[in-house]
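Undergrad: Below you'll find my_file33.pdb; it's PDB, C-alpha atoms.
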```
ATOM      1  CA  MET A  17      89.201 121.724 112.004
ATOM      2  CA  ASP A  18      92.013 120.528 109.720
ATOM      3  CA  ASP A  19      93.988 119.385 112.745
ATOM      4  CA  LEU A  20      91.015 117.415 114.087
ATOM      5  CA  LEU A  21      90.362 115.806 110.707
ATOM      6  CA  ASN A  22      94.033 114.837 110.371
ATOM      7  CA  GLN A  23      93.941 113.300 113.850
ATOM      8  CA  VAL A  24      90.877 111.221 112.958
ATOM      9  CA  ARG A  25      92.290 110.106 109.612
ATOM     10  CA  SER A  26      95.540 109.006 111.237
ATOM     11  CA  CYS A  27      93.817 107.205 114.131
ATOM     12  CA  THR A  28      95.206 103.758 114.909
ATOM     13  CA  LEU A  29      93.226 102.895 118.056
ATOM     14  CA  CYS A  30      92.078  99.607 116.528
ATOM     15  CA  GLN A  31      95.266  97.975 115.285
ATOM     16  CA  ASP A  32      93.718  94.505 115.494
ATOM     17  CA  LEU A  33      91.032  95.052 112.813
ATOM     18  CA  PRO A  34      91.085  92.358 110.105
ATOM     19  CA  LEU A  35      92.002  94.857 107.363
ATOM     20  CA  GLY A  36      93.794  97.235 109.695
ATOM     21  CA  PRO A  37      92.752 100.773 110.630
ATOM     22  CA  LYS A  38      91.678 103.014 107.744
ATOM     23  CA  PRO A  39      89.371 105.764 109.036
ATOM     24  CA  ILE A  40      86.845 106.805 106.382
ATOM     25  CA  LEU A  41      84.647 109.857 106.716
ATOM     26  CA  GLN A  42      83.645 112.986 104.834
ATOM     27  CA  PHE A  43      83.793 116.194 106.799
ATOM     28  CA  ASN A  44      83.740 119.965 106.423
ATOM     29  CA  SER A  45      82.531 122.525 108.951
ATOM     30  CA  GLN A  46      80.313 124.108 106.263
ATOM     31  CA  ALA A  47      78.189 120.947 105.815
ATOM     32  CA  LYS A  48      74.452 121.374 106.348
ATOM     33  CA  ILE A  49      73.495 117.701 106.232
ATOM     34  CA  LEU A  50      75.114 114.950 108.284
ATOM     35  CA  ILE A  51      74.817 111.286 107.384
ATOM     36  CA  VAL A  52      75.441 108.998 110.333
ATOM     37  CA  GLY A  53      75.872 105.370 109.389
ATOM     38  CA  GLN A  54      77.271 102.396 111.223
ATOM     39  CA  ALA A  55      80.771 101.641 109.881
ATOM     40  CA  PRO A  56      82.408 101.251 106.477
ATOM     41  CA  GLY A  57      81.935  97.907 104.785
ATOM     42  CA  ARG A  58      84.632  95.914 103.021
ATOM     43  CA  ILE A  59      83.995  97.630  99.650
ATOM     44  CA  THR A  60      84.179 101.066 101.256
ATOM     45  CA  HIS A  61      87.406 100.098 103.024
ATOM     46  CA  HIS A  62      89.013  99.226  99.693
ATOM     47  CA  LYS A  63      87.632 102.229  97.798
ATOM     48  CA  GLY A  64      88.272 104.700 100.612
ATOM     49  CA  ARG A  65      85.037 106.599  99.947
ATOM     50  CA  PRO A  66      81.831 106.214 101.995
ATOM     51  CA  PHE A  67      78.698 104.866 100.338
ATOM     52  CA  ASP A  68      80.406 104.289  96.971
ATOM     53  CA  ASP A  69      78.377 101.126  96.424
ATOM     54  CA  HIS A  70      74.785  99.868  95.980
ATOM     55  CA  SER A  71      73.838 101.214  99.413
ATOM     56  CA  GLY A  72      75.057 104.645  98.386
ATOM     57  CA  ASN A  73      73.078 104.525  95.153
ATOM     58  CA  ARG A  74      69.908 103.794  97.102
ATOM     59  CA  LEU A  75      70.671 106.454  99.726
ATOM     60  CA  ARG A  76      71.291 109.099  97.023
ATOM     61  CA  ASP A  77      68.006 108.085  95.409
ATOM     62  CA  TRP A  78      66.176 108.455  98.731
ATOM     63  CA  MET A  79      67.740 111.910  99.114
ATOM     64  CA  GLY A  80      67.070 112.934  95.505
ATOM     65  CA  ILE A  81      70.655 114.001  94.804
ATOM     66  CA  ASP A  82      73.456 113.010  92.450
ATOM     67  CA  LYS A  83      76.947 111.754  93.295
ATOM     68  CA  GLU A  84      78.545 115.152  92.773
ATOM     69  CA  THR A  85      76.287 116.755  95.382
ATOM     70  CA  PHE A  86      76.576 113.766  97.711
ATOM     71  CA  TYR A  87      80.371 113.924  97.742
ATOM     72  CA  ASP A  88      80.540 117.698  98.143
ATOM     73  CA  GLU A  89      81.868 117.843 101.703
ATOM     74  CA  THR A  90      80.822 121.491 102.048
ATOM     75  CA  LYS A  91      77.218 120.289 101.743
ATOM     76  CA  ILE A  92      77.198 116.799 103.242
ATOM     77  CA  ALA A  93      79.264 115.330 106.064
ATOM     78  CA  ILE A  94      79.423 111.567 106.523
ATOM     79  CA  ILE A  95      80.470 110.467 109.990
ATOM     80  CA  PRO A  96      79.821 106.790 110.731
ATOM     81  CA  MET A  97      79.695 105.444 114.279
ATOM     82  CA  GLY A  98      82.911 103.563 113.513
ATOM     83  CA  PHE A  99      85.386 104.916 110.959
ATOM     84  CA  CYS A 100      87.024 101.603 110.035
ATOM     85  CA  PHE A 101      85.748  98.292 108.660
ATOM     86  CA  PRO A 102      85.085  96.206 111.806
ATOM     87  CA  GLY A 103      85.267  92.808 110.128
ATOM     88  CA  THR A 104      82.703  90.211 109.170
ATOM     89  CA  GLY A 105      80.682  87.992 111.478
ATOM     90  CA  LYS A 106      78.211  85.166 110.993
ATOM     91  CA  ASN A 107      75.384  87.477 109.866
ATOM     92  CA  GLY A 108      77.281  90.215 108.041
ATOM     93  CA  ASP A 109      79.591  93.002 109.131
ATOM     94  CA  LEU A 110      80.415  93.256 112.821
ATOM     95  CA  PRO A 111      79.112  96.250 114.790
ATOM     96  CA  PRO A 112      81.165  99.433 114.968
ATOM     97  CA  ARG A 113      83.601  99.531 117.849
ATOM     98  CA  PRO A 114      82.404 101.892 120.623
ATOM     99  CA  ILE A 115      85.878 103.395 121.144
ATOM    100  CA  CYS A 116      85.537 105.311 117.890
ATOM    101  CA  ALA A 117      82.437 107.243 118.975
ATOM    102  CA  GLU A 118      83.802 107.631 122.503
ATOM    103  CA  THR A 119      87.003 109.189 121.176
ATOM    104  CA  TRP A 120      85.889 111.317 118.224
ATOM    105  CA  ARG A 121      82.119 111.823 117.961
ATOM    106  CA  GLU A 122      81.551 114.852 120.227
ATOM    107  CA  LYS A 123      84.612 116.664 118.839
ATOM    108  CA  LEU A 124      83.448 116.247 115.248
ATOM    109  CA  LEU A 125      79.805 117.084 115.912
ATOM    110  CA  SER A 126      80.756 120.271 117.735
ATOM    111  CA  ALA A 127      82.675 121.353 114.609
ATOM    112  CA  LEU A 128      79.491 121.354 112.469
ATOM    113  CA  PRO A 129      77.880 124.734 113.273
ATOM    114  CA  LYS A 130      75.771 124.918 110.096
ATOM    115  CA  LEU A 131      74.167 121.507 110.457
ATOM    116  CA  GLU A 132      70.424 121.492 109.705
ATOM    117  CA  LEU A 133      69.612 117.799 109.265
ATOM    118  CA  THR A 134      71.104 114.529 110.495
ATOM    119  CA  LEU A 135      70.151 111.327 108.682
ATOM    120  CA  VAL A 136      70.486 108.592 111.296
ATOM    121  CA  ILE A 137      71.000 105.260 109.542
ATOM    122  CA  GLY A 138      70.709 101.943 111.315
ATOM    123  CA  ARG A 139      70.325 100.824 114.892
ATOM    124  CA  TYR A 140      73.803 101.680 116.231
ATOM    125  CA  ALA A 141      73.504 105.250 114.995
ATOM    126  CA  MET A 142      69.948 105.493 116.317
ATOM    127  CA  ASP A 143      70.957 104.277 119.767
ATOM    128  CA  TRP A 144      73.623 106.989 120.031
ATOM    129  CA  HIS A 145      71.890 109.920 118.327
ATOM    130  CA  LEU A 146      68.199 109.348 119.029
ATOM    131  CA  LYS A 147      68.413 107.321 122.231
ATOM    132  CA  PRO A 148      65.128 105.495 121.630
ATOM    133  CA  VAL A 149      63.616 103.188 124.180
ATOM    134  CA  LYS A 150      65.641  99.983 123.830
ATOM    135  CA  SER A 151      62.525  97.846 123.409
ATOM    136  CA  ARG A 152      61.530  99.704 120.230
ATOM    137  CA  THR A 153      62.453  97.994 116.995
ATOM    138  CA  LEU A 154      64.178  99.778 114.130
ATOM    139  CA  ALA A 155      60.867  99.719 112.240
ATOM    140  CA  GLN A 156      59.110 101.413 115.168
ATOM    141  CA  VAL A 157      61.767 104.125 115.403
ATOM    142  CA  VAL A 158      61.702 104.783 111.638
ATOM    143  CA  ASN A 159      57.896 104.716 111.631
ATOM    144  CA  ASP A 160      58.000 107.477 114.256
ATOM    145  CA  TRP A 161      60.211 109.628 111.983
ATOM    146  CA  GLN A 162      58.039 112.756 112.251
ATOM    147  CA  SER A 163      58.786 113.101 115.966
ATOM    148  CA  TYR A 164      62.499 113.560 115.207
ATOM    149  CA  LEU A 165      62.089 116.362 112.668
ATOM    150  CA  PRO A 166      63.157 119.015 111.874
ATOM    151  CA  SER A 167      66.759 118.218 112.839
ATOM    152  CA  GLN A 168      66.964 114.403 112.666
ATOM    153  CA  LEU A 169      65.517 111.668 110.502
ATOM    154  CA  PRO A 170      65.919 107.943 111.254
ATOM    155  CA  LEU A 171      66.367 105.653 108.256
ATOM    156  CA  PRO A 172      66.905 101.936 107.752
ATOM    157  CA  HIS A 173      70.231 101.024 106.211
ATOM    158  CA  PRO A 174      69.980 101.383 102.405
ATOM    159  CA  SER A 175      71.750  98.053 101.907
ATOM    160  CA  PRO A 176      70.263  95.523  99.474
ATOM    161  CA  ARG A 177      70.091  93.250 102.565
ATOM    162  CA  ASN A 178      67.117  95.384 103.640
ATOM    163  CA  ASN A 179      65.023  94.743 100.516
ATOM    164  CA  ARG A 180      62.628  92.621 102.566
ATOM    165  CA  TRP A 181      62.236  95.389 105.187
ATOM    166  CA  LEU A 182      61.465  97.920 102.461
ATOM    167  CA  LYS A 183      58.969  95.540 100.836
ATOM    168  CA  ASN A 184      57.251  94.971 104.192
ATOM    169  CA  ASN A 185      57.126  98.718 104.892
ATOM    170  CA  PRO A 186      55.821 100.352 101.681
ATOM    171  CA  TRP A 187      54.955 103.523 103.595
ATOM    172  CA  PHE A 188      58.682 104.265 103.666
ATOM    173  CA  ASP A 189      58.880 104.864  99.895
ATOM    174  CA  ASP A 190      55.367 106.291  99.712
ATOM    175  CA  VAL A 191      55.597 108.811 102.561
ATOM    176  CA  LEU A 192      59.048 109.201 104.108
ATOM    177  CA  THR A 193      61.181 109.256 100.953
ATOM    178  CA  PRO A 194      59.291 112.154  99.306
ATOM    179  CA  THR A 195      59.556 114.112 102.568
ATOM    180  CA  LEU A 196      63.286 113.408 102.728
ATOM    181  CA  LYS A 197      63.807 114.574  99.133
ATOM    182  CA  THR A 198      61.912 117.796  99.788
ATOM    183  CA  LYS A 199      63.818 118.525 103.001
ATOM    184  CA  VAL A 200      67.210 117.852 101.375
ATOM    185  CA  SER A 201      66.303 120.083  98.423
ATOM    186  CA  GLN A 202      65.210 122.915 100.734
ATOM    187  CA  ILE A 203      68.476 122.731 102.664
ATOM    188  CA  LEU A 204      70.902 122.383  99.764
ATOM    189  CA  TYR A 205      69.351 124.466  96.978
TER
END
```
With the file now loaded, output its structure as structure tokens.

TA:
Amino acid sequence: MDDLLNQVRSCTLCQDLPLGPKPILQFNSQAKILIVGQAPGRITHHKGRPFDDHSGNRLRDWMGIDKETFYDETKIAIIPMGFCFPGTGKNGDLPPRPICAETWREKLLSALPKLELTLVIGRYAMDWHLKPVKSRTLAQVVNDWQSYLPSQLPLPHPSPRNNRWLKNNPWFDDVLTPTLKTKVSQILY
């Protein structure tokens, strides 16, 4: 496992990234919960720690855990679809580069034997992990969250950019978030 993690952290497949390659993930074979996001943002690239921003605060709130628990790699693994900041486009960050998942994803997932729950965040992660019908919107996939349990749970990205989505979907905070908190508590404590 250490060898695999060192290989991922020293990956330079994407030399042409605007801020250069800097693979960011949190991984330990003992982890019981996996968080699958899209790719690190600019802030994460500079800090070198996933979800150490407003999105992370919201995600930890949804999960009902503190930072210490969140960053305990023996409890929670964080493996985005792309490990490096992909750059910024017209409407926000660019999508994760497919080569990252093609090269590393199966190897890392197979090294998580104790995994009980995968939180699948955002469309790119959903397309790979849940393989929903392409015509379904993110809201439709998240609204169908019960069909993915007990091992997976689709979530919108916790970014402040999704405040409108959360406002338009109050059932998320009313129904899904309490279920998520309970499930996380049952697994970790």

Undergrad: Grab the CA of Arg180 (chain A) to CA of Pro56 (chain A) distance for me, in Å with one decimal place.

TA: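 Pair CA of Arg180 (chain A) / CA of Pro56 (chain A) returns 21.9 Å.
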
Undergrad: CA of Ser26 (chain A) to CA of Pro111 (chain A): how many Å, to one decimal?

TA: 21.1 Å

Undergrad: Determine the nearest neighbour of Gln202 (chain A) from the options A:Leu133, A:Ile51, A:Leu110, A:Cys100, counting only C-alpha atoms.

TA: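 So, comparing all the options, the nearest one is A:Leu133.
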
Undergrad: Which one of A:Cys116, A:Met17, A:Ile40, A:Leu165 sits closest to Thr60 (chain A) if you count all atoms listed in the file?

TA: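 Of all the options, A:Ile40 lies closest to Thr60 (chain A).
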
Undergrad: Run the PyMOL selection byres ((chain A and resi 129) around 12) against the file shown and list the residues it catches, as a short mmCIF file (atom, residue, chain, number, x, y, z; two decimals) with C-alpha atoms, in the frame of the given file.

TA:
```cif
data_model
loop_
_atom_site.label_atom_id
_atom_site.label_comp_id
_atom_site.auth_asym_id
_atom_site.auth_seq_id
_atom_site.Cartn_x
_atom_site.Cartn_y
_atom_site.Cartn_z
CA MET A 17 89.20 121.72 112.00
CA ASN A 44 83.74 119.96 106.42
CA SER A 45 82.53 122.52 108.95
CA GLN A 46 80.31 124.11 106.26
CA ALA A 47 78.19 120.95 105.82
CA LYS A 48 74.45 121.37 106.35
CA ILE A 49 73.50 117.70 106.23
CA LEU A 50 75.11 114.95 108.28
CA ALA A 93 79.26 115.33 106.06
CA LYS A 123 84.61 116.66 118.84
CA LEU A 124 83.45 116.25 115.25
CA LEU A 125 79.81 117.08 115.91
CA SER A 126 80.76 120.27 117.74
CA ALA A 127 82.68 121.35 114.61
CA LEU A 128 79.49 121.35 112.47
CA LYS A 130 75.77 124.92 110.10
CA LEU A 131 74.17 121.51 110.46
CA GLU A 132 70.42 121.49 109.70
CA LEU A 133 69.61 117.80 109.26
#
```

Undergrad: Compare A:Lys106, A:Arg74, A:Arg177, A:Arg113 by their minimum atom-to-atom distance to Asp189 (chain A), counting all atoms listed in the file, and give me the closest one.

TA: A:Arg74

Undergrad: Could you tell me which of A:Pro148, A:Gly108, A:Gly80, A:Gly36 comes closest to Thr195 (chain A) if we count all atoms listed in the file?

TA: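 Selected residue with least distance to Thr195 (chain A): A:Gly80.
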
Undergrad: Any idea what's packed within 10 Å of Val157 (chain A), counting only C-alpha atoms, ignoring anything in its chain fewer than 3 positions away? Could you give it as JSON, numbers by chain?

TA: {"A": [139, 142, 146, 148, 149, 152, 153, 154, 160, 161, 162, 163, 164, 169, 170, 171, 172]}

Undergrad: Please produce region 105-119 of chain A, completed to N, CA, C and O atoms, as a compact mmCIF listing (two decimals), in the frame of the given file.

TA:
```txt
# COMPACT_ATOMS: atom_id res chain seq x y z
N GLY A 105 81.13 89.02 110.56
CA GLY A 105 80.68 87.99 111.48
C GLY A 105 79.78 87.00 110.76
O GLY A 105 79.70 86.98 109.53
N LYS A 106 79.09 86.20 111.53
CA LYS A 106 78.21 85.17 110.99
C LYS A 106 77.07 85.74 110.15
O LYS A 106 76.69 85.16 109.14
N ASN A 107 76.55 86.91 110.54
CA ASN A 107 75.38 87.48 109.87
C ASN A 107 75.68 88.79 109.15
O ASN A 107 74.82 89.65 109.02
N GLY A 108 76.91 88.97 108.73
CA GLY A 108 77.28 90.22 108.04
C GLY A 108 78.39 90.94 108.79
O GLY A 108 79.09 90.35 109.61
N ASP A 109 78.54 92.23 108.49
CA ASP A 109 79.59 93.00 109.13
C ASP A 109 79.38 93.08 110.64
O ASP A 109 78.25 93.15 111.12
N LEU A 110 80.47 93.10 111.36
CA LEU A 110 80.42 93.26 112.82
C LEU A 110 79.98 94.68 113.17
O LEU A 110 80.09 95.59 112.34
N PRO A 111 79.51 94.90 114.39
CA PRO A 111 79.11 96.25 114.79
C PRO A 111 80.32 97.18 114.89
O PRO A 111 81.45 96.72 115.06
N PRO A 112 80.06 98.48 114.79
CA PRO A 112 81.17 99.43 114.97
C PRO A 112 81.71 99.36 116.39
O PRO A 112 80.96 99.09 117.33
N ARG A 113 82.99 99.56 116.52
CA ARG A 113 83.60 99.53 117.85
C ARG A 113 83.26 100.81 118.61
O ARG A 113 83.43 101.91 118.07
N PRO A 114 82.80 100.71 119.84
CA PRO A 114 82.40 101.89 120.62
C PRO A 114 83.52 102.91 120.85
O PRO A 114 83.25 104.10 120.98
N ILE A 115 84.77 102.48 120.86
CA ILE A 115 85.88 103.40 121.14
C ILE A 115 85.95 104.54 120.14
O ILE A 115 86.37 105.64 120.45
N CYS A 116 85.50 104.28 118.93
CA CYS A 116 85.54 105.31 117.89
C CYS A 116 84.62 106.48 118.27
O CYS A 116 85.04 107.64 118.27
N ALA A 117 83.38 106.18 118.58
CA ALA A 117 82.44 107.24 118.98
C ALA A 117 82.88 107.90 120.28
O ALA A 117 82.80 109.13 120.42
N GLU A 118 83.36 107.09 121.21
CA GLU A 118 83.80 107.63 122.50
C GLU A 118 84.95 108.62 122.33
O GLU A 118 85.04 109.61 123.05
N THR A 119 85.81 108.37 121.37
CA THR A 119 87.00 109.19 121.18
C THR A 119 86.75 110.42 120.31
O THR A 119 87.24 111.50 120.60
```
